[in-house]
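Coordinates as given in protein-v7.txt (compact mmCIF, C-alpha atoms and all ligand atoms):
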# COMPACT_ATOMS: atom_id res chain seq x y z
CA MET Q 1 19.70 -0.74 9.96
CA ASN Q 2 17.39 1.69 8.14
CA VAL Q 3 14.76 0.44 5.71
CA SER Q 4 12.16 2.18 3.56
CA ILE Q 5 8.82 0.58 2.80
CA ILE Q 6 7.41 2.06 -0.39
CA LYS Q 7 3.85 1.34 -1.48
CA ILE Q 8 2.59 1.98 -4.99
CA GLY Q 9 -1.10 2.03 -5.79
CA GLY Q 10 -3.25 0.77 -8.62
CA ASN Q 11 -3.85 4.14 -10.28
CA VAL Q 12 -0.14 4.41 -11.12
CA ILE Q 13 0.35 0.72 -11.93
CA ASP Q 14 -2.47 0.88 -14.47
CA PHE Q 15 -0.56 3.35 -16.67
CA PRO Q 16 2.60 1.70 -18.10
CA GLU Q 17 4.44 5.01 -18.58
CA LYS Q 18 3.69 6.18 -15.04
CA LEU Q 19 4.70 2.80 -13.66
CA ASP Q 20 8.00 2.88 -15.56
CA GLU Q 21 8.71 6.40 -14.33
CA PHE Q 22 7.95 5.37 -10.75
CA LEU Q 23 10.13 2.24 -10.95
CA GLU Q 24 13.06 4.33 -12.16
CA LEU Q 25 12.67 6.57 -9.11
CA PHE Q 26 12.30 3.52 -6.90
CA ALA Q 27 15.52 2.09 -8.36
CA GLN Q 28 17.33 5.35 -7.50
CA PHE Q 29 15.89 5.41 -3.98
CA PRO Q 30 18.82 5.11 -1.58
CA GLY Q 31 19.31 2.38 1.05
CA LYS Q 32 17.52 -0.86 1.88
CA LYS Q 33 13.98 -0.93 0.53
CA ILE Q 34 10.88 -3.03 0.10
CA LEU Q 35 8.21 -2.40 -2.55
CA VAL Q 36 4.58 -3.19 -1.76
CA HIS Q 37 2.13 -2.91 -4.63
CA GLY Q 38 -1.62 -2.84 -5.08
CA GLY Q 39 -3.39 -3.12 -8.39
CA GLY Q 40 -7.03 -2.62 -7.51
CA VAL Q 41 -7.82 -0.75 -10.72
CA MET Q 42 -6.53 -3.55 -12.94
CA ALA Q 43 -8.28 -6.22 -10.85
CA SER Q 44 -11.59 -4.36 -11.20
CA LYS Q 45 -11.15 -4.11 -14.99
CA PHE Q 46 -10.26 -7.80 -15.35
CA GLY Q 47 -13.20 -8.75 -13.14
CA GLU Q 48 -15.62 -6.63 -15.15
CA SER Q 49 -14.40 -8.16 -18.40
CA MET Q 50 -15.27 -11.57 -16.92
CA GLY Q 51 -18.66 -10.45 -15.58
CA VAL Q 52 -17.46 -10.18 -11.95
CA MET Q 53 -18.41 -6.68 -10.81
CA PRO Q 54 -16.20 -4.98 -8.18
CA GLN Q 55 -17.77 -4.13 -4.85
CA MET Q 56 -15.82 -1.81 -2.55
CA ILE Q 57 -16.71 -0.60 0.93
CA ASP Q 58 -14.55 2.21 2.38
CA GLY Q 59 -11.75 1.33 -0.04
CA ARG Q 60 -11.81 -2.40 0.74
CA ARG Q 61 -12.90 -5.03 -1.76
CA ILE Q 62 -15.64 -7.56 -1.03
CA THR Q 63 -13.90 -10.75 -2.16
CA ASP Q 64 -16.02 -13.76 -3.12
CA LYS Q 65 -14.50 -16.96 -4.55
CA ASP Q 66 -14.41 -15.70 -8.16
CA THR Q 67 -12.98 -12.35 -7.08
CA LEU Q 68 -10.26 -14.10 -5.06
CA GLU Q 69 -9.19 -16.01 -8.16
CA ILE Q 70 -9.09 -12.81 -10.22
CA VAL Q 71 -7.12 -10.78 -7.66
CA THR Q 72 -4.65 -13.65 -7.20
CA MET Q 73 -4.04 -13.83 -10.95
CA VAL Q 74 -3.73 -10.08 -11.29
CA TYR Q 75 -1.73 -9.15 -8.15
CA ALA Q 76 0.44 -12.24 -7.61
CA GLY Q 77 0.78 -13.00 -11.32
CA LEU Q 78 0.70 -10.29 -13.93
CA ILE Q 79 1.48 -7.18 -11.88
CA ASN Q 80 4.01 -8.68 -9.48
CA LYS Q 81 6.01 -10.41 -12.20
CA GLN Q 82 5.93 -7.40 -14.53
CA ILE Q 83 7.27 -5.18 -11.76
CA VAL Q 84 9.98 -7.70 -10.87
CA ALA Q 85 11.08 -7.97 -14.51
CA LYS Q 86 11.16 -4.19 -14.89
CA LEU Q 87 13.20 -3.81 -11.69
CA GLN Q 88 15.62 -6.48 -12.85
CA GLY Q 89 15.98 -4.38 -16.01
CA LEU Q 90 16.98 -1.49 -13.74
CA ASP Q 91 19.65 -3.60 -11.98
CA GLN Q 92 17.57 -4.09 -8.86
CA ASN Q 93 17.72 -7.67 -7.60
CA ALA Q 94 13.97 -7.89 -7.04
CA LEU Q 95 12.18 -10.94 -5.63
CA GLY Q 96 8.39 -11.01 -6.02
CA MET Q 97 6.24 -12.64 -3.37
CA THR Q 98 2.77 -13.15 -1.97
CA GLY Q 99 2.27 -13.48 1.78
CA ALA Q 100 2.14 -17.27 1.33
CA ASP Q 101 5.71 -17.45 0.01
CA ALA Q 102 8.12 -18.27 2.85
CA ASN Q 103 5.11 -17.69 5.15
CA LEU Q 104 5.81 -13.99 4.67
CA ILE Q 105 2.41 -12.70 5.81
CA GLN Q 106 -0.05 -14.81 7.74
CA SER Q 107 -3.56 -13.44 8.05
CA ARG Q 108 -6.97 -14.43 9.35
CA LYS Q 109 -10.19 -14.32 7.34
CA ARG Q 110 -12.01 -11.26 8.52
CA PRO Q 111 -14.86 -12.28 10.84
CA VAL Q 112 -18.35 -11.42 9.56
CA LYS Q 113 -19.87 -8.54 11.52
CA SER Q 114 -22.25 -6.11 9.80
CA ILE Q 115 -20.42 -6.72 6.49
CA ASP Q 116 -19.20 -10.01 5.04
CA TYR Q 117 -15.97 -9.13 3.21
CA GLY Q 118 -15.52 -12.73 2.07
CA TYR Q 119 -11.95 -13.89 1.46
CA VAL Q 120 -10.30 -10.84 2.98
CA GLY Q 121 -7.44 -11.37 5.41
CA ASP Q 122 -6.47 -9.30 8.44
CA ILE Q 123 -2.73 -9.59 9.05
CA GLU Q 124 -1.59 -11.54 12.11
CA ASN Q 125 2.12 -12.05 11.52
CA VAL Q 126 4.96 -10.91 9.26
CA ASN Q 127 8.06 -13.10 8.84
CA ILE Q 128 10.57 -10.36 9.63
CA ASP Q 129 13.55 -12.72 9.95
CA PHE Q 130 13.07 -13.79 6.34
CA LEU Q 131 12.73 -10.18 5.19
CA GLN Q 132 15.86 -9.23 7.10
CA ASN Q 133 17.79 -12.08 5.44
CA LEU Q 134 16.69 -10.83 2.02
CA LEU Q 135 17.69 -7.26 2.85
CA ASP Q 136 21.07 -8.48 4.14
CA GLU Q 137 21.59 -10.16 0.75
CA ASP Q 138 20.74 -6.88 -1.06
CA ILE Q 139 17.61 -8.42 -2.50
CA VAL Q 140 14.67 -6.05 -3.04
CA PRO Q 141 11.44 -7.73 -1.88
CA VAL Q 142 8.37 -6.92 -4.01
CA VAL Q 143 5.24 -7.86 -2.10
CA CYS Q 144 1.71 -8.08 -3.51
CA ALA Q 145 -1.67 -7.86 -1.79
CA ILE Q 146 -2.26 -11.60 -1.36
CA THR Q 147 -1.77 -13.26 2.04
CA HIS Q 148 -2.64 -16.69 3.47
CA ASP Q 149 -4.09 -18.25 6.62
CA LYS Q 150 -1.47 -21.06 6.97
CA LYS Q 151 -4.31 -23.56 6.48
CA GLY Q 152 -4.12 -23.53 2.70
CA GLN Q 153 -6.35 -20.55 2.02
CA LEU Q 154 -5.21 -17.48 0.10
CA LEU Q 155 -6.75 -14.18 1.22
CA ASN Q 156 -6.99 -10.69 -0.27
CA THR Q 157 -5.45 -7.98 1.92
CA ASN Q 158 -5.43 -4.27 1.25
CA ALA Q 159 -1.96 -3.28 0.01
CA ASP Q 160 -1.85 -0.24 2.30
CA SER Q 161 -2.35 -2.61 5.26
CA ILE Q 162 0.44 -4.84 3.99
CA ALA Q 163 2.84 -1.90 3.76
CA SER Q 164 1.86 -0.67 7.20
CA GLU Q 165 2.15 -4.10 8.89
CA ILE Q 166 5.52 -4.84 7.28
CA ALA Q 167 6.71 -1.42 8.41
CA THR Q 168 5.40 -1.90 11.94
CA SER Q 169 6.86 -5.39 12.30
CA LEU Q 170 10.28 -4.36 11.03
CA SER Q 171 10.30 -1.29 13.28
CA LYS Q 172 10.92 -3.64 16.24
CA LYS Q 173 14.37 -4.34 14.76
CA MET Q 174 15.27 -1.30 12.67
CA THR Q 175 14.40 2.29 11.78
CA VAL Q 176 11.58 2.27 9.25
CA ASN Q 177 10.21 5.00 6.99
CA LEU Q 178 6.96 4.37 5.15
CA TYR Q 179 5.99 6.04 1.86
CA PHE Q 180 2.54 5.72 0.31
CA CYS Q 181 2.84 6.70 -3.37
CA PHE Q 182 -0.27 7.25 -5.46
CA ASN Q 183 -1.61 9.43 -8.26
CA LYS Q 184 -2.46 12.58 -6.27
CA ALA Q 185 -0.21 15.15 -4.61
CA GLY Q 186 -1.09 14.04 -1.07
CA VAL Q 187 -4.10 14.20 1.20
CA LEU Q 188 -6.11 17.01 -0.37
CA ILE Q 189 -8.79 19.41 0.85
CA ASP Q 190 -10.26 19.34 -2.64
CA GLU Q 191 -9.70 15.93 -4.18
CA LYS Q 192 -9.67 17.46 -7.68
CA ASN Q 193 -7.09 20.13 -6.89
CA ASP Q 194 -3.51 18.91 -6.48
CA SER Q 195 -2.45 22.23 -4.99
CA SER Q 196 -4.84 21.85 -2.01
CA ILE Q 197 -2.39 19.59 -0.13
CA ILE Q 198 -2.68 19.20 3.61
CA PRO Q 199 1.05 19.24 4.46
CA LEU Q 200 0.60 17.76 7.96
CA ILE Q 201 -2.27 15.69 9.26
CA ASN Q 202 -2.99 14.28 12.70
CA GLU Q 203 -5.78 11.98 13.91
CA ASP Q 204 -8.09 14.81 15.06
CA ILE Q 205 -7.98 16.52 11.68
CA TYR Q 206 -8.44 13.16 9.95
CA ALA Q 207 -11.56 12.40 12.02
CA GLU Q 208 -13.01 15.84 11.22
CA LEU Q 209 -12.30 15.63 7.48
CA LYS Q 210 -13.68 12.09 7.30
CA LYS Q 211 -16.89 13.28 8.94
CA GLU Q 212 -17.15 16.08 6.36
CA ASN Q 213 -16.50 13.53 3.57
CA VAL Q 214 -13.41 15.46 2.45
CA ILE Q 215 -11.55 12.20 3.07
CA HIS Q 216 -13.29 9.09 1.77
CA SER Q 217 -12.95 5.80 -0.14
CA GLY Q 218 -9.34 4.62 -0.71
CA MET Q 219 -7.88 7.42 1.41
CA ILE Q 220 -9.49 5.88 4.51
CA PRO Q 221 -7.42 2.66 4.63
CA LYS Q 222 -4.34 4.67 3.66
CA LEU Q 223 -4.70 7.03 6.62
CA ASP Q 224 -5.88 4.34 9.05
CA ASN Q 225 -2.76 2.38 8.17
CA ALA Q 226 -0.53 5.45 8.28
CA PHE Q 227 -1.61 6.34 11.84
CA ALA Q 228 -1.45 2.71 12.98
CA ALA Q 229 2.14 2.47 11.72
CA LEU Q 230 3.26 5.68 13.43
CA ASN Q 231 1.57 4.74 16.68
CA LYS Q 232 3.34 1.37 16.67
CA GLY Q 233 6.90 2.59 16.18
CA VAL Q 234 7.43 3.51 12.52
CA ASN Q 235 9.73 6.51 12.31
CA HIS Q 236 8.06 8.55 9.55
CA VAL Q 237 5.07 8.20 7.23
CA TRP Q 238 4.54 10.16 4.00
CA ILE Q 239 1.66 10.14 1.50
CA GLY Q 240 2.18 11.74 -1.89
CA LYS Q 241 2.54 11.62 -5.63
CA ALA Q 242 4.63 8.78 -6.99
CA GLU Q 243 6.76 11.19 -9.02
CA ASN Q 244 7.76 13.07 -5.82
CA LEU Q 245 9.18 10.00 -4.08
CA LEU Q 246 12.80 11.16 -4.24
CA PHE Q 247 11.89 14.64 -2.94
CA ALA Q 248 10.21 12.94 0.01
CA ALA Q 249 13.31 10.81 0.60
CA LYS Q 250 15.41 14.00 0.77
CA GLY Q 251 12.96 15.59 3.22
CA LYS Q 252 11.92 18.28 0.70
CA VAL Q 253 8.42 19.73 0.94
CA SER Q 254 6.02 17.59 -1.04
CA GLY Q 255 2.95 15.57 -0.18
CA THR Q 256 1.43 14.97 3.24
CA ASN Q 257 3.41 14.06 6.33
CA ILE Q 258 1.58 12.12 9.00
CA GLU Q 259 2.01 13.04 12.63
CA THR Q 260 0.62 11.98 15.95
CA HIS Q 261 0.74 15.22 17.93
CA LYS Q 262 -2.14 17.67 18.01
CA TYR Q 263 -2.40 21.10 16.40
CA ASP Q 264 -5.17 23.30 14.94
CA LEU Q 265 -5.94 23.26 11.23
CA TYR Q 266 -7.53 26.71 11.13
N1 LIG Q 301 -8.96 13.99 0.69
C1 LIG Q 301 -8.49 13.20 -0.27
N2 LIG Q 301 -7.32 13.48 -0.86
C2 LIG Q 301 -6.82 12.70 -1.85
N3 LIG Q 301 -7.46 11.60 -2.31
C3 LIG Q 301 -8.64 11.25 -1.76
C4 LIG Q 301 -9.20 12.04 -0.71
N4 LIG Q 301 -10.37 11.45 -0.33
C5 LIG Q 301 -10.53 10.41 -1.11
N5 LIG Q 301 -9.52 10.25 -1.96
C6 LIG Q 301 -9.45 9.19 -2.95
O1 LIG Q 301 -8.58 8.21 -2.50
C7 LIG Q 301 -7.91 7.68 -3.64
C8 LIG Q 301 -6.66 6.98 -3.18
O2 LIG Q 301 -6.99 5.71 -2.71
P1 LIG Q 301 -6.70 4.44 -3.59
O3 LIG Q 301 -7.37 4.57 -4.91
O4 LIG Q 301 -6.99 3.24 -2.77
O5 LIG Q 301 -5.15 4.66 -3.75
P2 LIG Q 301 -4.09 3.78 -4.49
O6 LIG Q 301 -3.88 4.42 -5.82
O7 LIG Q 301 -2.92 3.86 -3.61
O8 LIG Q 301 -4.66 2.42 -4.59
C9 LIG Q 301 -7.67 8.87 -4.51
O9 LIG Q 301 -7.44 8.52 -5.87
C10 LIG Q 301 -8.94 9.66 -4.31
O10 LIG Q 301 -9.90 9.29 -5.27
C1 LIG Q 302 -9.15 -6.27 0.63
C2 LIG Q 302 -8.74 -5.28 -0.41
O1 LIG Q 302 -9.34 -4.23 -0.52
N1 LIG Q 302 -7.70 -5.60 -1.17
C3 LIG Q 302 -7.22 -4.75 -2.22
C4 LIG Q 302 -5.84 -5.20 -2.58
C5 LIG Q 302 -5.22 -4.40 -3.71
C6 LIG Q 302 -4.97 -2.96 -3.32
O2 LIG Q 302 -4.96 -2.58 -2.17
O3 LIG Q 302 -4.72 -2.19 -4.42
P1 LIG Q 302 -4.54 -0.62 -4.46
O4 LIG Q 302 -3.39 -0.29 -3.59
O5 LIG Q 302 -4.29 -0.37 -5.88
O6 LIG Q 302 -5.83 0.01 -3.96
C7 LIG Q 302 -8.15 -4.85 -3.46
O7 LIG Q 302 -8.43 -5.96 -3.88
O8 LIG Q 302 -8.47 -3.79 -4.02
Is it possible to express this structure as structure tokens?
Ligand SMILES: Nc1ncnc2c1ncn2[C@@H]1O[C@H](COP(=O)(O)OP(=O)(O)O)[C@@H](O)[C@H]1O
Ligand SMILES: CC(=O)N[C@@H](CCC(=O)OP(=O)(O)O)C(=O)O
Amino acid sequence: MNVSIIKIGGNVIDFPEKLDEFLELFAQFPGKKILVHGGGVMASKFGESMGVMPQMIDGRRITDKDTLEIVTMVYAGLINKQIVAKLQGLDQNALGMTGADANLIQSRKRPVKSIDYGYVGDIENVNIDFLQNLLDEDIVPVVCAITHDKKGQLLNTNADSIASEIATSLSKKMTVNLYFCFNKAGVLIDEKNDSSIIPLINEDIYAELKKENVIHSGMIPKLDNAFAALNKGVNHVWIGKAENLLFAAKGKVSGTNIETHKYDLY
């Protein structure tokens, strides 16, 4: 079996027209598929409106008790259910879930080292049998960025990590392609210039560009997760603009392809 894991980020979700356009492309995407969504932008806005200021370190949110309540309401509630309803409107039999539902994603509260991330979960297990059953039934799983520790505690987990761990876990049983869709054309040399795409990136180039601060903030978890997935058996990983998703599916040049072998950038 082949399956595509498609992740959509908060900068697209936050614009209703862009989200609708993306969901139409997602609906046309061929084959078995799973949608993983973030929603960080909306969570930050909701938090701010309630006097809870967002705090991010390297693209990951410090999650205190109040923040956990906000992200749960925003990711598992509003965004997840809106996406499911829209997909149902596009004849996709979508089923929205957190990691707690059907014990889909079990995680462990991140241990405190130099930084205390609070209620942030690092993924320990994905219920791939359940996902496979859903895929067999032609259901389209829609997974948000909330996981649980199987002791009654919800945890906030970066959506890029969720997509990568689902992809990695399923790759033990099937061929998996992973697509990170966001609001820019790919990994860029100049973040403000969509035509400065790096078409191929490996870990050496990533390390160099991170050191030079060309790659920073939310692109760090995306690339960490992209390399982790490839190194653990995922067939192909792509990062690019949401509107280019179908080009990527057809193998046409667009966005950034992730690879593990070495080559020179210059
Ligand atoms: N080299 C880079 N190329 C593209 N984006 C970058 C780069 N370095 C940092 N970024 C930032 O990373 C962001 C993507 O991360 P994030 O906001 O977490 O994505 P998502 O929309 O998927 O949630 C971009 O919007 C951009 O601001
Ligand atoms: C721990 C952590 O950072 N969780 C993320 C989960 C949402 C997310 O990843 O959203 P985007 O894909 O829109 O960035 C957060 O709360 O921002």
TODO: List the neighbours of stretch 116-125 of chain Q out to 6 Å using all atoms listed in the file; skip same-chain residues closer than 3 positions along the sequence, and give me the result as a list in words.
DONE: Ile62, Thr63, Asp64, Ile105, Gln106, Ser107, Arg108, Lys109, Arg110, Val112, Leu155, Asn156 and Thr157 of chain Q
Could you please take those selected residues and save C-alpha atoms as a JSON list (two decimals), in the frame of the given file?
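Contents of the output file selection.json:
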[["chain", "number", "residue", "atom", "x", "y", "z"],
["Q", 62, "ILE", "CA", -15.64, -7.56, -1.03],
["Q", 63, "THR", "CA", -13.90, -10.75, -2.16],
["Q", 64, "ASP", "CA", -16.02, -13.76, -3.12],
["Q", 105, "ILE", "CA", 2.41, -12.70, 5.81],
["Q", 106, "GLN", "CA", -0.05, -14.81, 7.74],
["Q", 107, "SER", "CA", -3.56, -13.44, 8.05],
["Q", 108, "ARG", "CA", -6.97, -14.43, 9.35],
["Q", 109, "LYS", "CA", -10.19, -14.32, 7.34],
["Q", 110, "ARG", "CA", -12.01, -11.26, 8.52],
["Q", 112, "VAL", "CA", -18.35, -11.42, 9.56],
["Q", 155, "LEU", "CA", -6.75, -14.18, 1.22],
["Q", 156, "ASN", "CA", -6.99, -10.69, -0.27],
["Q", 157, "THR", "CA", -5.45, -7.98, 1.92]]
Open item on the list: My list of candidates is Q:Ala102, Q:Leu246, Q:Met1, Q:Cys144. Which is closest to ligand LIG 302 (chain Q) when distances are computed with only C-alpha atoms and all ligand atoms?
Closed with: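 Closest residue, counting only C-alpha atoms and all ligand atoms: Q:Cys144.
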Per residue of chain Q within 9 Å of ligand LIG 301 (chain Q), which atom pair is closest and at what distance in Å (one decimal), using all atoms listed in the file, listed by chain and increasing number, as a Markdown table?
| residue | atom | partner | partner_atom | distance |
| --- | --- | --- | --- | --- |
| Q:Lys7 | CA | Q:LIG301 | O7 | 7.5 |
| Q:Ile8 | CA | Q:LIG301 | O7 | 6.0 |
| Q:Gly9 | CA | Q:LIG301 | O7 | 3.4 |
| Q:Gly10 | CA | Q:LIG301 | O8 | 4.6 |
| Q:Asn11 | CA | Q:LIG301 | O6 | 4.5 |
| Q:Val12 | CA | Q:LIG301 | O6 | 6.5 |
| Q:Ile13 | CA | Q:LIG301 | O6 | 8.3 |
| Q:His37 | CA | Q:LIG301 | O7 | 8.5 |
| Q:Gly38 | CA | Q:LIG301 | O8 | 6.1 |
| Q:Gly39 | CA | Q:LIG301 | O8 | 6.8 |
| Q:Gly40 | CA | Q:LIG301 | O8 | 6.3 |
| Q:Val41 | CA | Q:LIG301 | O8 | 7.6 |
| Q:Gly59 | CA | Q:LIG301 | O4 | 5.8 |
| Q:Arg60 | CA | Q:LIG301 | O4 | 8.2 |
| Q:Asn158 | CA | Q:LIG301 | O4 | 8.7 |
| Q:Ala159 | CA | Q:LIG301 | O8 | 7.8 |
| Q:Asp160 | CA | Q:LIG301 | O7 | 7.3 |
| Q:Phe180 | CA | Q:LIG301 | O7 | 7.0 |
| Q:Cys181 | CA | Q:LIG301 | O7 | 6.4 |
| Q:Phe182 | CA | Q:LIG301 | O6 | 4.6 |
| Q:Asn183 | CA | Q:LIG301 | O6 | 6.0 |
| Q:Lys184 | CA | Q:LIG301 | C2 | 6.2 |
| Q:Ala185 | CA | Q:LIG301 | C2 | 7.6 |
| Q:Gly186 | CA | Q:LIG301 | C2 | 5.9 |
| Q:Val187 | CA | Q:LIG301 | N2 | 3.9 |
| Q:Leu188 | CA | Q:LIG301 | N2 | 3.8 |
| Q:Ile189 | CA | Q:LIG301 | N1 | 5.4 |
| Q:Asp190 | CA | Q:LIG301 | N1 | 6.4 |
| Q:Glu191 | CA | Q:LIG301 | N2 | 4.8 |
| Q:Lys192 | CA | Q:LIG301 | C2 | 8.0 |
| Q:Asn193 | CA | Q:LIG301 | N2 | 9.0 |
| Q:Asp194 | CA | Q:LIG301 | C2 | 8.4 |
| Q:Ser196 | CA | Q:LIG301 | N2 | 8.8 |
| Q:Ile197 | CA | Q:LIG301 | N2 | 7.9 |
| Q:Ile198 | CA | Q:LIG301 | N2 | 8.6 |
| Q:Leu209 | CA | Q:LIG301 | N1 | 7.7 |
| Q:Lys210 | CA | Q:LIG301 | N1 | 8.3 |
| Q:Asn213 | CA | Q:LIG301 | N4 | 7.6 |
| Q:Val214 | CA | Q:LIG301 | N1 | 5.0 |
| Q:Ile215 | CA | Q:LIG301 | N4 | 3.7 |
| Q:His216 | CA | Q:LIG301 | C5 | 4.2 |
| Q:Ser217 | CA | Q:LIG301 | C5 | 5.3 |
| Q:Gly218 | CA | Q:LIG301 | O2 | 3.3 |
| Q:Met219 | CA | Q:LIG301 | O1 | 4.0 |
| Q:Ile220 | CA | Q:LIG301 | C5 | 7.3 |
| Q:Pro221 | CA | Q:LIG301 | O4 | 7.4 |
| Q:Lys222 | CA | Q:LIG301 | O2 | 7.0 |
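The smallest atom-to-atom distance between ligand LIG 302 (chain Q) and any of Q:Ser161, Q:Thr98, Q:Gln82, Q:Gln132, using all atoms listed in the file, is found for Q:Ser161.
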TODO: Might you pull out every residue within 9 Å of Q:Ala248, with only C-alpha atoms counted and same-chain residues fewer than 5 positions away left off, and present them as a PyMOL selection string?
DONE: chain Q and resi 179+238+240+253-255
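Among the candidates Q:Val71, Q:Ile258, Q:Leu135, Q:Ala27, the one nearest to Q:Asn231 when counting all atoms listed in the file is Q:Ile258.
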- [ ] To one decimal in Å, tell me the separation between atom CA of Q:Lys113 and atom CA of Q:Met42.
- [x]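 These atoms are spaced 28.3 Å apart.
Comparing the minimum interatomic distances between ligand LIG 302 (chain Q) and each of Q:Met56, Q:Met50, Q:Ile239, Q:Ile34, counting only C-alpha atoms and all ligand atoms, we find that Q:Met56 sits nearest.
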- [ ] Pick out the closest residue to Q:Val176 from this set: Q:Ala76, Q:Val234, Q:Leu245, Q:Ala94. Count all atoms listed in the file.
- [x] Q:Val234
Open item on the list: Under the rule that all atoms listed in the file are counted, which of Q:Gln88, Q:Ile162, Q:Glu24, Q:Lys151 is the nearest residue to ligand LIG 302 (chain Q)?
Closed with: Q:Ile162
- [ ] In the coordinate frame of the file, compute which residues have an atom within 12 Å of (-0.7, 8.4, 14.3) when using all atoms listed in the file, and state them as a PyMOL selection string.
- [x] chain Q and resi 164+200-207+222-238+257-262
